[in-house]
file run13.txt (compact mmCIF, C-alpha atoms)
# COMPACT_ATOMS: atom_id res chain seq x y z
CA MET B 32 -11.36 -11.77 27.46
CA ILE B 33 -10.69 -8.07 27.80
CA VAL B 34 -7.83 -6.78 25.71
CA HIS B 35 -6.56 -3.22 25.94
CA PRO B 36 -7.13 -1.37 22.64
CA THR B 37 -3.46 -0.49 22.28
CA THR B 38 -2.47 -4.13 22.71
CA ALA B 39 -4.99 -5.25 20.13
CA GLY B 40 -3.88 -2.63 17.59
CA MET B 41 -0.22 -3.49 18.08
CA LEU B 42 -1.02 -7.19 17.67
CA LEU B 43 -2.81 -6.46 14.41
CA ALA B 44 0.12 -4.37 13.17
CA GLY B 45 2.52 -7.17 14.13
CA VAL B 46 0.49 -9.82 12.36
CA LEU B 47 0.27 -7.72 9.18
CA PHE B 48 4.00 -6.99 9.31
CA VAL B 49 4.89 -10.66 9.71
CA LEU B 50 2.59 -11.59 6.82
CA GLY B 51 4.40 -9.09 4.62
CA LEU B 52 7.77 -10.42 5.78
CA ILE B 53 6.76 -14.01 5.03
CA SER B 54 5.58 -12.93 1.60
CA ILE B 55 8.80 -11.11 0.75
CA LEU B 56 10.82 -14.17 1.80
CA VAL B 57 8.68 -16.74 0.00
CA ARG B 58 7.62 -15.11 -3.25
CA ARG B 59 9.94 -14.86 -6.24
CA ASP B 60 7.85 -12.59 -8.44
CA ILE B 61 9.38 -9.16 -8.08
CA ILE B 62 6.05 -7.29 -8.14
CA PHE B 63 4.86 -9.44 -5.24
CA MET B 64 7.99 -8.48 -3.32
CA LEU B 65 7.12 -4.80 -3.90
CA LEU B 66 3.59 -5.48 -2.65
CA SER B 67 5.01 -7.14 0.47
CA VAL B 68 7.06 -4.02 1.19
CA GLU B 69 3.84 -2.02 0.89
CA ILE B 70 2.11 -4.33 3.38
CA MET B 71 4.98 -3.98 5.85
CA LEU B 72 5.08 -0.17 5.54
CA ASN B 73 1.34 -0.06 6.07
CA ALA B 74 1.62 -2.18 9.21
CA ALA B 75 4.34 0.12 10.56
CA GLY B 76 2.09 3.13 9.94
CA LEU B 77 -0.76 1.41 11.74
CA ALA B 78 1.51 0.82 14.74
CA PHE B 79 2.42 4.53 14.75
CA VAL B 80 -1.23 5.61 14.72
CA VAL B 81 -2.13 3.16 17.50
CA ALA B 82 0.71 4.54 19.63
CA SER B 83 -0.44 8.07 18.82
CA SER B 84 -3.94 7.31 20.07
CA HIS B 85 -2.50 5.64 23.17
CA TRP B 86 -0.51 8.71 24.21
CA GLY B 87 -2.97 11.25 22.86
CA THR B 88 -0.33 13.12 20.90
CA ALA B 89 -0.12 14.00 17.22
CA ASP B 90 3.46 12.75 16.69
CA GLY B 91 2.46 9.26 15.56
CA GLN B 92 0.09 10.61 12.95
CA VAL B 93 2.80 12.94 11.64
CA MET B 94 5.00 9.86 11.24
CA PHE B 95 2.16 8.13 9.41
CA ILE B 96 2.04 11.00 6.90
CA PHE B 97 5.80 10.67 6.37
CA ILE B 98 5.48 6.91 5.86
CA LEU B 99 2.73 7.55 3.32
CA ALA B 100 4.88 9.98 1.33
CA MET B 101 7.84 7.61 1.51
CA ALA B 102 5.73 4.68 0.28
CA ALA B 103 4.58 6.75 -2.70
CA ALA B 104 8.14 7.70 -3.64
CA GLU B 105 9.35 4.13 -3.08
CA VAL B 106 6.69 2.57 -5.25
CA SER B 107 7.34 4.93 -8.15
CA VAL B 108 11.09 4.28 -8.15
CA GLY B 109 10.50 0.56 -7.59
CA LEU B 110 8.15 0.30 -10.53
CA ALA B 111 10.64 2.10 -12.76
CA LEU B 112 13.32 -0.36 -11.66
CA ILE B 113 11.02 -3.32 -12.36
CA LEU B 114 10.30 -1.89 -15.81
CA GLN B 115 14.03 -1.71 -16.58
CA LEU B 116 14.51 -5.26 -15.28
CA TYR B 117 11.62 -6.51 -17.39
CA HIS B 118 12.99 -4.90 -20.52
CA GLN B 119 16.42 -6.38 -19.92
CA LEU B 120 15.49 -9.89 -18.79
CA LYS B 121 11.99 -10.33 -20.31
CA THR B 122 10.80 -11.85 -17.04
CA LEU B 123 9.69 -10.79 -13.57
CA ASP B 124 11.49 -13.60 -11.77
CA SER B 125 13.90 -12.09 -9.27
CA ASP B 126 16.19 -15.11 -9.46
CA GLU B 127 17.03 -14.18 -13.03
CA ALA B 128 18.54 -10.95 -11.81
CA ALA B 129 21.06 -12.97 -9.76
CA LYS B 130 22.91 -13.69 -12.99
CA MET B 131 23.45 -10.04 -13.61
CA ASN B 132 27.11 -9.25 -14.04
CA GLY B 133 28.10 -5.80 -14.98
CA MET P 277 -13.50 -4.01 25.45
CA ILE P 278 -12.62 -2.70 22.04
CA GLY P 279 -15.87 -3.59 20.41
CA THR P 280 -16.91 -5.91 17.70
CA ALA P 281 -16.15 -3.39 14.95
CA PHE P 282 -12.41 -3.60 15.53
CA TYR P 283 -12.43 -7.39 15.51
CA ILE P 284 -14.38 -7.57 12.27
CA ALA P 285 -12.10 -5.04 10.56
CA ALA P 286 -8.95 -6.73 11.88
CA LEU P 287 -10.22 -10.12 10.73
CA ILE P 288 -10.92 -8.77 7.25
CA ALA P 289 -7.47 -7.13 7.13
CA VAL P 290 -5.62 -10.31 8.11
CA LEU P 291 -7.77 -12.52 5.88
CA SER P 292 -7.31 -10.36 2.79
CA THR P 293 -3.57 -10.02 3.45
CA VAL P 294 -3.29 -13.80 3.58
CA MET P 295 -5.20 -13.93 0.30
CA VAL P 296 -2.72 -11.38 -1.14
CA ILE P 297 0.32 -13.45 -0.34
CA THR P 298 -1.17 -16.73 -1.57
CA ARG P 299 -2.47 -15.59 -4.97
CA TYR P 300 -0.64 -16.54 -8.14
CA ASN P 301 -2.25 -13.90 -10.32
CA ILE P 302 -0.99 -10.39 -9.62
CA MET P 303 -4.32 -8.72 -10.38
CA HIS P 304 -6.17 -10.89 -7.86
CA ALA P 305 -3.53 -10.03 -5.28
CA LEU P 306 -3.95 -6.31 -5.99
CA LEU P 307 -7.73 -6.65 -5.62
CA TYR P 308 -7.29 -8.24 -2.20
CA LEU P 309 -4.65 -5.69 -1.21
CA VAL P 310 -7.13 -2.86 -1.82
CA VAL P 311 -9.57 -4.62 0.51
CA SER P 312 -6.82 -5.02 3.11
CA LEU P 313 -5.96 -1.31 2.94
CA LEU P 314 -9.63 -0.35 3.30
CA ALA P 315 -9.89 -2.57 6.38
CA VAL P 316 -6.81 -0.90 7.87
CA ALA P 317 -8.46 2.46 7.13
CA VAL P 318 -11.48 1.39 9.21
CA VAL P 319 -9.12 0.38 12.03
CA LEU P 320 -7.44 3.80 11.84
CA TYR P 321 -10.87 5.44 12.07
CA LEU P 322 -11.63 3.38 15.16
CA TYR P 323 -8.38 4.50 16.76
CA GLY P 324 -9.38 8.14 16.64
CA ALA P 325 -7.51 9.16 13.49
CA PRO P 326 -10.19 9.99 10.88
CA PHE P 327 -7.83 12.15 8.82
CA MET P 328 -5.31 9.32 8.59
CA ALA P 329 -8.10 6.94 7.53
CA THR P 330 -9.00 9.35 4.74
CA LEU P 331 -5.37 9.60 3.65
CA GLU P 332 -5.06 5.83 3.70
CA VAL P 333 -8.02 5.45 1.37
CA ILE P 334 -6.98 8.29 -0.96
CA VAL P 335 -3.22 7.74 -1.18
CA TYR P 336 -2.75 4.01 -0.53
CA ALA P 337 -5.92 2.43 -1.86
CA GLY P 338 -6.36 5.16 -4.44
CA ALA P 339 -3.11 6.44 -5.85
CA ILE P 340 -0.55 3.72 -5.14
CA MET P 341 -2.82 0.81 -6.03
CA VAL P 342 -3.94 2.49 -9.25
CA LEU P 343 -0.28 3.06 -10.11
CA LEU P 344 0.47 -0.63 -9.56
CA ILE P 345 -2.58 -1.76 -11.53
CA PHE P 346 -1.69 0.49 -14.46
CA PHE P 347 1.86 -0.78 -14.35
CA VAL P 348 0.80 -4.43 -14.40
CA MET P 349 -1.61 -3.77 -17.24
CA MET P 350 1.12 -1.94 -19.14
CA LEU P 351 3.53 -4.88 -18.85
CA ASN P 352 1.46 -7.56 -20.53
CA LEU P 353 0.16 -5.80 -23.55
CA GLY P 354 -0.64 -8.33 -26.18
CA LYS P 355 -3.31 -10.22 -27.98
CA GLU P 356 -3.77 -12.65 -25.13
CA SER P 357 -4.49 -9.87 -22.64
CA ALA P 358 -8.10 -9.46 -23.77
CA ALA P 359 -8.75 -13.16 -23.37
CA GLN P 360 -7.09 -13.03 -19.98
CA GLU P 361 -9.29 -10.10 -19.03
CA LYS P 362 -12.34 -12.17 -19.83
CA LEU P 363 -10.89 -14.99 -17.79
CA TRP P 364 -10.29 -12.72 -14.79
CA LEU P 365 -13.78 -11.31 -14.59
CA LYS P 366 -15.49 -14.50 -13.51
CA PRO P 367 -17.91 -14.01 -10.63
CA ARG P 368 -16.08 -16.37 -8.31
CA ILE P 369 -13.02 -14.13 -8.51
CA TRP P 370 -14.60 -10.80 -7.65
CA ILE P 371 -17.41 -12.01 -5.38
CA PHE P 372 -15.25 -12.57 -2.31
CA PRO P 373 -13.42 -9.18 -2.28
CA SER P 374 -16.75 -7.48 -2.95
CA LEU P 375 -18.30 -9.31 -0.01
CA LEU P 376 -15.47 -8.20 2.28
CA CYS P 377 -15.83 -4.61 1.02
CA ILE P 378 -19.58 -4.65 1.65
CA ILE P 379 -18.99 -5.84 5.23
CA LEU P 380 -16.51 -2.97 5.70
CA LEU P 381 -18.97 -0.47 4.23
CA GLY P 382 -21.74 -1.66 6.54
CA GLU P 383 -19.43 -1.37 9.50
CA LEU P 384 -18.40 2.15 8.52
CA VAL P 385 -22.01 3.25 8.03
CA PHE P 386 -22.90 1.76 11.42
CA LEU P 387 -20.01 3.58 13.11
CA VAL P 388 -20.81 6.93 11.47
CA LEU P 389 -24.50 6.71 12.28
CA GLN P 390 -23.88 5.69 15.86
CA ASN P 391 -21.75 8.78 16.62
CA ARG P 392 -20.74 7.75 20.11
CA GLN P 393 -17.68 8.48 22.16
CA PRO P 394 -14.60 6.38 21.41
CA VAL P 395 -13.95 3.42 23.66
CA SER P 396 -11.85 3.90 26.77
CA GLY P 397 -8.13 3.74 26.21
CA VAL P 398 -8.34 5.38 22.79
CA GLN P 399 -7.83 9.13 22.55
CA VAL P 400 -8.97 11.07 19.52
CA VAL P 401 -6.29 13.27 17.95
CA ASN P 402 -7.81 15.98 15.80
CA PRO P 403 -6.44 16.79 12.34
CA LYS P 404 -5.88 20.33 13.64
CA GLU P 405 -3.34 19.11 16.18
CA VAL P 406 -1.67 17.02 13.49
CA GLY P 407 -1.39 20.05 11.24
CA ILE P 408 0.02 22.21 14.02
CA ALA P 409 2.61 19.53 14.84
CA LEU P 410 3.38 18.99 11.15
CA PHE P 411 4.18 22.62 10.43
CA GLY P 412 5.55 23.44 13.86
CA PRO P 413 8.25 21.16 15.27
CA TYR P 414 8.31 18.86 12.24
CA ILE P 415 8.79 21.51 9.54
CA LEU P 416 12.30 20.30 8.74
CA ALA P 417 11.04 16.74 8.24
CA VAL P 418 8.29 18.03 5.97
CA GLU P 419 10.88 19.75 3.79
CA LEU P 420 12.99 16.59 3.74
CA THR P 421 9.91 14.63 2.63
CA GLY P 422 9.42 17.11 -0.18
CA MET P 423 13.00 16.54 -1.27
CA LEU P 424 12.40 12.78 -1.09
CA LEU P 425 9.39 13.09 -3.35
CA MET P 426 11.43 15.21 -5.75
CA ALA P 427 14.13 12.54 -5.79
CA GLY P 428 11.43 9.94 -6.43
CA ILE P 429 10.11 11.87 -9.43
CA VAL P 430 13.56 12.37 -10.90
CA GLY P 431 14.57 8.76 -10.24
CA ALA P 432 11.39 7.35 -11.76
CA TYR P 433 11.80 9.54 -14.83
CA HIS P 434 15.44 8.60 -15.25
CA LEU P 435 14.95 4.87 -14.72
CA GLY P 436 11.72 4.56 -16.64
CA ARG P 437 13.03 6.21 -19.77
CA GLN P 438 13.41 3.88 -22.70
CA LYS P 439 16.88 3.66 -24.04
CA GLU P 440 16.88 5.23 -27.48
CA LYS P 441 18.77 3.59 -30.27
CA THR P 442 21.29 6.17 -31.36
CA LEU P 443 22.89 5.57 -34.68
CA HIS P 444 25.58 7.52 -36.37
CA ARG P 445 24.18 9.81 -39.02
CA PHE P 446 25.93 7.94 -41.84
CA LEU P 447 24.31 4.69 -40.74
CA GLU P 448 20.92 6.39 -40.57
CA ASN P 449 21.38 7.65 -44.10
CA ASN P 450 22.36 4.17 -45.29
CA GLN P 451 19.29 2.63 -43.75
CA SER P 452 16.81 5.00 -45.40
call {"tool": "encode", "arguments": {"input": "run13.txt", "output": "structure tokens"}}
result
Amino acid sequence: MIVHPTTAGMLLAGVLFVLGLISILVRRDIIFMLLSVEIMLNAAGLAFVVASSHWGTADGQVMFIFILAMAAAEVSVGLALILQLYHQLKTLDSDEAAKMNG
Amino acid sequence: MIGTAFYIAALIAVLSTVMVITRYNIMHALLYLVVSLLAVAVVLYLYGAPFMATLEVIVYAGAIMVLLIFFVMMLNLGKESAAQEKLWLKPRIWIFPSLLCIILLGELVFLVLQNRQPVSGVQVVNPKEVGIALFGPYILAVELTGMLLMAGIVGAYHLGRQKEKTLHRFLENNQS
């Protein structure tokens, strides 16, 4: 079976994205939810690079660099939030945070 | 045809991602996630983006994963952590990610040594073109990304700060 490279790359990106989505819906540990967001961002970046190589332009790779920088900023703020949550609730279960009432 | 290299790397990426989302232990999941990111880096290399593959390895598999691992290790400080460390380092836990990594390394060495033209349908985009596009039409977005990173630093500092116990000075004197 002959598959076009762009199709194959997009399929891989889609599969990785859906795996991350399943994980963020199923898992209750809040660090695992952060990891799932990382997986999904990575899959989106892969799709951008595949599209960039399909059209032969640099735009997709520029977007990949932006996604990379955004993932770094997101993970640092997310980890700080998890740290605050852990100090307040003494657990990493995200269901515990549902009882939060300010 | 894309070639066997893409299929092997894609299979490793999907397999290790499935292992990530089915682990119970966070450190095992992080180990598999590093393997998954390395496999995606090989796929990026195959799609004519060597600079992006390098960035993926350095920033994702290097910086972000090390940040997460340090964070997880910082959370469960305690006397049971050493025993848990010993428990984690059994061969049957690290042998499978290492095997996947060795397959990826062999594939990468094979691809570098072969030095052939990319397969049809894939166009190589040089890092030079990426740089010209980054600091030409996208200069505003680059500055916005810098501001985003600045906001990330400030937000992480503000949120991660421990709340100090502030007592009135009379109470402090009474305590001592």
call {"tool": "atom_distance", "arguments": {"input": "run13.txt", "atom1": "CA of Arg299 in chain P", "atom2": "CA of Lys130 in chain B"}}
result
26.7 Å
call {"tool": "closest_atom_pairs", "arguments": {"input": "run13.txt", "of": "chain B", "to": "chain P", "cutoff": "6 Å", "atoms": "only C-alpha atoms", "output": "CSV"}}
result
residue,atom,partner,partner_atom,distance
B:Ile33,CA,P:Met277,CA,5.5
B:Pro36,CA,P:Ile278,CA,5.7
B:Ser54,CA,P:Ile297,CA,5.6
B:Ser84,CA,P:Gln399,CA,5.0
B:His85,CA,P:Val398,CA,5.9
B:Gly87,CA,P:Gln399,CA,5.3
B:Ala89,CA,P:Val406,CA,5.0
B:Ala104,CA,P:Gly428,CA,4.9
B:Ser107,CA,P:Ala432,CA,5.9
B:Val108,CA,P:Ala432,CA,4.7
B:Ala111,CA,P:Gly436,CA,4.7
call {"tool": "write_last_selection", "arguments": {"input": "run13.txt", "atoms": "C-alpha atoms", "output": "compact mmCIF listing (two decimals), in the frame of the given file"}}
result
# COMPACT_ATOMS: atom_id res chain seq x y z
CA ILE B 33 -10.69 -8.07 27.80
CA PRO B 36 -7.13 -1.37 22.64
CA SER B 54 5.58 -12.93 1.60
CA SER B 84 -3.94 7.31 20.07
CA HIS B 85 -2.50 5.64 23.17
CA GLY B 87 -2.97 11.25 22.86
CA ALA B 89 -0.12 14.00 17.22
CA ALA B 104 8.14 7.70 -3.64
CA SER B 107 7.34 4.93 -8.15
CA VAL B 108 11.09 4.28 -8.15
CA ALA B 111 10.64 2.10 -12.76
call {"tool": "atom_distance", "arguments": {"input": "run13.txt", "atom1": "CA of Met71 in chain B", "atom2": "CA of Gly45 in chain B"}}
result
9.2 Å
call {"tool": "atom_distance", "arguments": {"input": "run13.txt", "atom1": "CA of Gly382 in chain P", "atom2": "CA of Tyr308 in chain P"}}
result
18.1 Å
call {"tool": "residues_around", "arguments": {"input": "run13.txt", "residues": "Gly40 in chain B", "least_positions_apart": "2", "cutoff": "8 Å", "atoms": "all atoms listed in the file", "output": "list of chain:residue names"}}
result
B:Pro36, B:Thr37, B:Thr38, B:Leu42, B:Leu43, B:Ala44, B:Leu77, B:Ala78, B:Val81
call {"tool": "closest_residue", "arguments": {"input": "run13.txt", "among": "P:Leu375, P:Met423, P:Val318, P:Val385", "to": "Ile284 in chain P", "atoms": "all atoms listed in the file"}}
result
P:Val318
call {"tool": "residues_near_point", "arguments": {"input": "run13.txt", "point": "(13.1, -10.6, -12.6)", "cutoff": "12 Å", "atoms": "all atoms listed in the file", "output": "list in words"}}
result
Arg58, Arg59, Asp60, Ile61, Ile62, Phe63, Met64, Leu112, Ile113, Leu114, Gln115, Leu116, Tyr117, His118, Gln119, Leu120, Lys121, Thr122, Leu123, Asp124, Ser125, Asp126, Glu127, Ala128, Ala129, Lys130 and Met131 of chain B
call {"tool": "axis_aligned_box", "arguments": {"input": "run13.txt", "around": "range 76-89 of chain B", "padding_each_side": "5 Å", "output": "JSON"}}
result
{"center_x": -0.8, "center_y": 7.4, "center_z": 17.1, "size_x": 16.4, "size_y": 23.2, "size_z": 24.3}
call {"tool": "closest_residue", "arguments": {"input": "run13.txt", "among": "P:Ala329, P:Cys377, P:Ile334, P:Ala315", "to": "Ala281 in chain P", "atoms": "all atoms listed in the file"}}
result
P:Ala315
call {"tool": "closest_residue", "arguments": {"input": "run13.txt", "among": "B:Ile70, B:Val80, B:Met41, B:Ala100", "to": "Ile55 in chain B", "atoms": "all atoms listed in the file"}}
result
B:Ile70
call {"tool": "decode", "arguments": {"input": "run13.txt", "residues": "range 301-426 of chain P", "atoms": "C-alpha atoms", "output": "PDB file, in the first residue's frame"}}
result
ATOM      1  CA  ASN P 301       3.755   5.746  38.310  1.00  0.00           C
ATOM      2  CA  ILE P 302       4.563   9.255  37.117  1.00  0.00           C
ATOM      3  CA  MET P 303       8.284   8.588  36.718  1.00  0.00           C
ATOM      4  CA  HIS P 304       7.673   5.616  34.414  1.00  0.00           C
ATOM      5  CA  ALA P 305       5.327   7.780  32.357  1.00  0.00           C
ATOM      6  CA  LEU P 306       7.982  10.501  32.082  1.00  0.00           C
ATOM      7  CA  LEU P 307      10.552   7.916  30.969  1.00  0.00           C
ATOM      8  CA  TYR P 308       8.237   6.760  28.192  1.00  0.00           C
ATOM      9  CA  LEU P 309       7.358  10.333  27.257  1.00  0.00           C
ATOM     10  CA  VAL P 310      11.036  11.096  26.638  1.00  0.00           C
ATOM     11  CA  VAL P 311      11.165   8.101  24.287  1.00  0.00           C
ATOM     12  CA  SER P 312       8.032   9.326  22.523  1.00  0.00           C
ATOM     13  CA  LEU P 313       9.527  12.797  22.026  1.00  0.00           C
ATOM     14  CA  LEU P 314      12.751  11.307  20.654  1.00  0.00           C
ATOM     15  CA  ALA P 315      10.725   9.239  18.185  1.00  0.00           C
ATOM     16  CA  VAL P 316       8.853  12.361  17.074  1.00  0.00           C
ATOM     17  CA  ALA P 317      12.244  14.053  16.635  1.00  0.00           C
ATOM     18  CA  VAL P 318      13.282  11.267  14.236  1.00  0.00           C
ATOM     19  CA  VAL P 319      10.024  11.762  12.327  1.00  0.00           C
ATOM     20  CA  LEU P 320      10.738  15.506  12.086  1.00  0.00           C
ATOM     21  CA  TYR P 321      14.209  14.704  10.735  1.00  0.00           C
ATOM     22  CA  LEU P 322      12.645  12.451   8.112  1.00  0.00           C
ATOM     23  CA  TYR P 323      10.296  15.236   7.058  1.00  0.00           C
ATOM     24  CA  GLY P 324      13.160  17.519   6.111  1.00  0.00           C
ATOM     25  CA  ALA P 325      13.300  19.620   9.280  1.00  0.00           C
ATOM     26  CA  PRO P 326      16.637  18.783  10.967  1.00  0.00           C
ATOM     27  CA  PHE P 327      16.707  22.031  12.943  1.00  0.00           C
ATOM     28  CA  MET P 328      13.266  21.332  14.374  1.00  0.00           C
ATOM     29  CA  ALA P 329      14.372  17.799  15.304  1.00  0.00           C
ATOM     30  CA  THR P 330      17.302  19.306  17.201  1.00  0.00           C
ATOM     31  CA  LEU P 331      15.025  21.764  18.978  1.00  0.00           C
ATOM     32  CA  GLU P 332      12.637  18.959  19.859  1.00  0.00           C
ATOM     33  CA  VAL P 333      15.412  16.982  21.508  1.00  0.00           C
ATOM     34  CA  ILE P 334      16.961  19.981  23.294  1.00  0.00           C
ATOM     35  CA  VAL P 335      13.856  21.841  24.453  1.00  0.00           C
ATOM     36  CA  TYR P 336      11.181  19.141  24.800  1.00  0.00           C
ATOM     37  CA  ALA P 337      13.117  16.025  25.721  1.00  0.00           C
ATOM     38  CA  GLY P 338      15.813  18.045  27.445  1.00  0.00           C
ATOM     39  CA  ALA P 339      14.506  21.105  29.207  1.00  0.00           C
ATOM     40  CA  ILE P 340      10.791  20.475  29.721  1.00  0.00           C
ATOM     41  CA  MET P 341      11.154  16.834  30.737  1.00  0.00           C
ATOM     42  CA  VAL P 342      13.978  17.641  33.152  1.00  0.00           C
ATOM     43  CA  LEU P 343      11.779  20.367  34.652  1.00  0.00           C
ATOM     44  CA  LEU P 344       8.942  17.872  35.140  1.00  0.00           C
ATOM     45  CA  ILE P 345      11.255  15.223  36.594  1.00  0.00           C
ATOM     46  CA  PHE P 346      12.775  17.691  39.048  1.00  0.00           C
ATOM     47  CA  PHE P 347       9.311  18.836  40.025  1.00  0.00           C
ATOM     48  CA  VAL P 348       8.070  15.305  40.672  1.00  0.00           C
ATOM     49  CA  MET P 349      11.175  14.504  42.677  1.00  0.00           C
ATOM     50  CA  MET P 350      10.730  17.712  44.666  1.00  0.00           C
ATOM     51  CA  LEU P 351       7.143  16.832  45.595  1.00  0.00           C
ATOM     52  CA  ASN P 352       7.736  13.530  47.351  1.00  0.00           C
ATOM     53  CA  LEU P 353      10.673  14.284  49.522  1.00  0.00           C
ATOM     54  CA  GLY P 354      10.681  11.927  52.417  1.00  0.00           C
ATOM     55  CA  LYS P 355      12.211   8.901  53.965  1.00  0.00           C
ATOM     56  CA  GLU P 356      10.288   6.551  51.719  1.00  0.00           C
ATOM     57  CA  SER P 357      11.626   8.189  48.566  1.00  0.00           C
ATOM     58  CA  ALA P 358      14.963   6.372  48.737  1.00  0.00           C
ATOM     59  CA  ALA P 359      13.243   3.027  49.068  1.00  0.00           C
ATOM     60  CA  GLN P 360      10.979   3.971  46.195  1.00  0.00           C
ATOM     61  CA  GLU P 361      14.019   4.907  44.131  1.00  0.00           C
ATOM     62  CA  LYS P 362      15.421   1.452  44.687  1.00  0.00           C
ATOM     63  CA  LEU P 363      12.080  -0.001  43.720  1.00  0.00           C
ATOM     64  CA  TRP P 364      11.962   2.013  40.496  1.00  0.00           C
ATOM     65  CA  LEU P 365      15.351   0.994  39.209  1.00  0.00           C
ATOM     66  CA  LYS P 366      14.516  -2.625  38.533  1.00  0.00           C
ATOM     67  CA  PRO P 367      15.731  -3.855  35.156  1.00  0.00           C
ATOM     68  CA  ARG P 368      12.268  -4.730  33.906  1.00  0.00           C
ATOM     69  CA  ILE P 369      11.267  -1.081  34.262  1.00  0.00           C
ATOM     70  CA  TRP P 370      14.081   0.560  32.328  1.00  0.00           C
ATOM     71  CA  ILE P 371      14.822  -2.227  29.840  1.00  0.00           C
ATOM     72  CA  PHE P 372      11.893  -1.510  27.527  1.00  0.00           C
ATOM     73  CA  PRO P 373      12.407   2.282  27.129  1.00  0.00           C
ATOM     74  CA  SER P 374      16.121   1.640  26.638  1.00  0.00           C
ATOM     75  CA  LEU P 375      15.337  -0.900  23.926  1.00  0.00           C
ATOM     76  CA  LEU P 376      13.089   1.587  22.128  1.00  0.00           C
ATOM     77  CA  CYS P 377      15.788   4.275  22.423  1.00  0.00           C
ATOM     78  CA  ILE P 378      18.429   1.934  20.994  1.00  0.00           C
ATOM     79  CA  ILE P 379      16.175   1.176  18.016  1.00  0.00           C
ATOM     80  CA  LEU P 380      15.760   4.926  17.455  1.00  0.00           C
ATOM     81  CA  LEU P 381      19.513   5.486  17.724  1.00  0.00           C
ATOM     82  CA  GLY P 382      20.218   2.739  15.197  1.00  0.00           C
ATOM     83  CA  GLU P 383      17.686   4.227  12.840  1.00  0.00           C
ATOM     84  CA  LEU P 384      19.206   7.698  13.190  1.00  0.00           C
ATOM     85  CA  VAL P 385      22.737   6.392  12.595  1.00  0.00           C
ATOM     86  CA  PHE P 386      21.499   4.509   9.529  1.00  0.00           C
ATOM     87  CA  LEU P 387      19.800   7.617   8.149  1.00  0.00           C
ATOM     88  CA  VAL P 388      22.814   9.865   8.762  1.00  0.00           C
ATOM     89  CA  LEU P 389      25.249   7.404   7.223  1.00  0.00           C
ATOM     90  CA  GLN P 390      23.066   6.796   4.203  1.00  0.00           C
ATOM     91  CA  ASN P 391      22.955  10.498   3.244  1.00  0.00           C
ATOM     92  CA  ARG P 392      20.501  10.127   0.396  1.00  0.00           C
ATOM     93  CA  GLN P 393      17.942  12.462  -1.032  1.00  0.00           C
ATOM     94  CA  PRO P 394      14.643  12.711   0.839  1.00  0.00           C
ATOM     95  CA  VAL P 395      11.759  10.656  -0.470  1.00  0.00           C
ATOM     96  CA  SER P 396       9.451  12.155  -3.055  1.00  0.00           C
ATOM     97  CA  GLY P 397       6.699  14.316  -1.664  1.00  0.00           C
ATOM     98  CA  VAL P 398       8.871  15.658   1.145  1.00  0.00           C
ATOM     99  CA  GLN P 399      10.674  18.951   0.627  1.00  0.00           C
ATOM    100  CA  VAL P 400      13.593  19.944   2.802  1.00  0.00           C
ATOM    101  CA  VAL P 401      13.289  23.395   4.382  1.00  0.00           C
ATOM    102  CA  ASN P 402      16.665  24.730   5.459  1.00  0.00           C
ATOM    103  CA  PRO P 403      17.165  26.372   8.848  1.00  0.00           C
ATOM    104  CA  LYS P 404      18.336  29.456   6.932  1.00  0.00           C
ATOM    105  CA  GLU P 405      14.904  29.908   5.367  1.00  0.00           C
ATOM    106  CA  VAL P 406      13.296  29.397   8.766  1.00  0.00           C
ATOM    107  CA  GLY P 407      15.508  32.084  10.258  1.00  0.00           C
ATOM    108  CA  ILE P 408      14.776  34.517   7.447  1.00  0.00           C
ATOM    109  CA  ALA P 409      11.027  33.924   7.855  1.00  0.00           C
ATOM    110  CA  LEU P 410      11.293  34.151  11.645  1.00  0.00           C
ATOM    111  CA  PHE P 411      12.973  37.551  11.676  1.00  0.00           C
ATOM    112  CA  GLY P 412      11.305  38.859   8.540  1.00  0.00           C
ATOM    113  CA  PRO P 413       7.512  38.622   8.321  1.00  0.00           C
ATOM    114  CA  TYR P 414       7.124  36.996  11.741  1.00  0.00           C
ATOM    115  CA  ILE P 415       9.107  39.517  13.794  1.00  0.00           C
ATOM    116  CA  LEU P 416       6.000  40.732  15.607  1.00  0.00           C
ATOM    117  CA  ALA P 417       5.099  37.174  16.616  1.00  0.00           C
ATOM    118  CA  VAL P 418       8.642  36.636  17.865  1.00  0.00           C
ATOM    119  CA  GLU P 419       8.324  39.680  20.109  1.00  0.00           C
ATOM    120  CA  LEU P 420       4.948  38.462  21.353  1.00  0.00           C
ATOM    121  CA  THR P 421       6.542  35.092  22.165  1.00  0.00           C
ATOM    122  CA  GLY P 422       9.199  36.907  24.153  1.00  0.00           C
ATOM    123  CA  MET P 423       6.493  38.683  26.115  1.00  0.00           C
ATOM    124  CA  LEU P 424       4.764  35.331  26.671  1.00  0.00           C
ATOM    125  CA  LEU P 425       7.954  33.853  28.079  1.00  0.00           C
ATOM    126  CA  MET P 426       8.353  36.892  30.318  1.00  0.00           C
TER     127      MET P 426
END
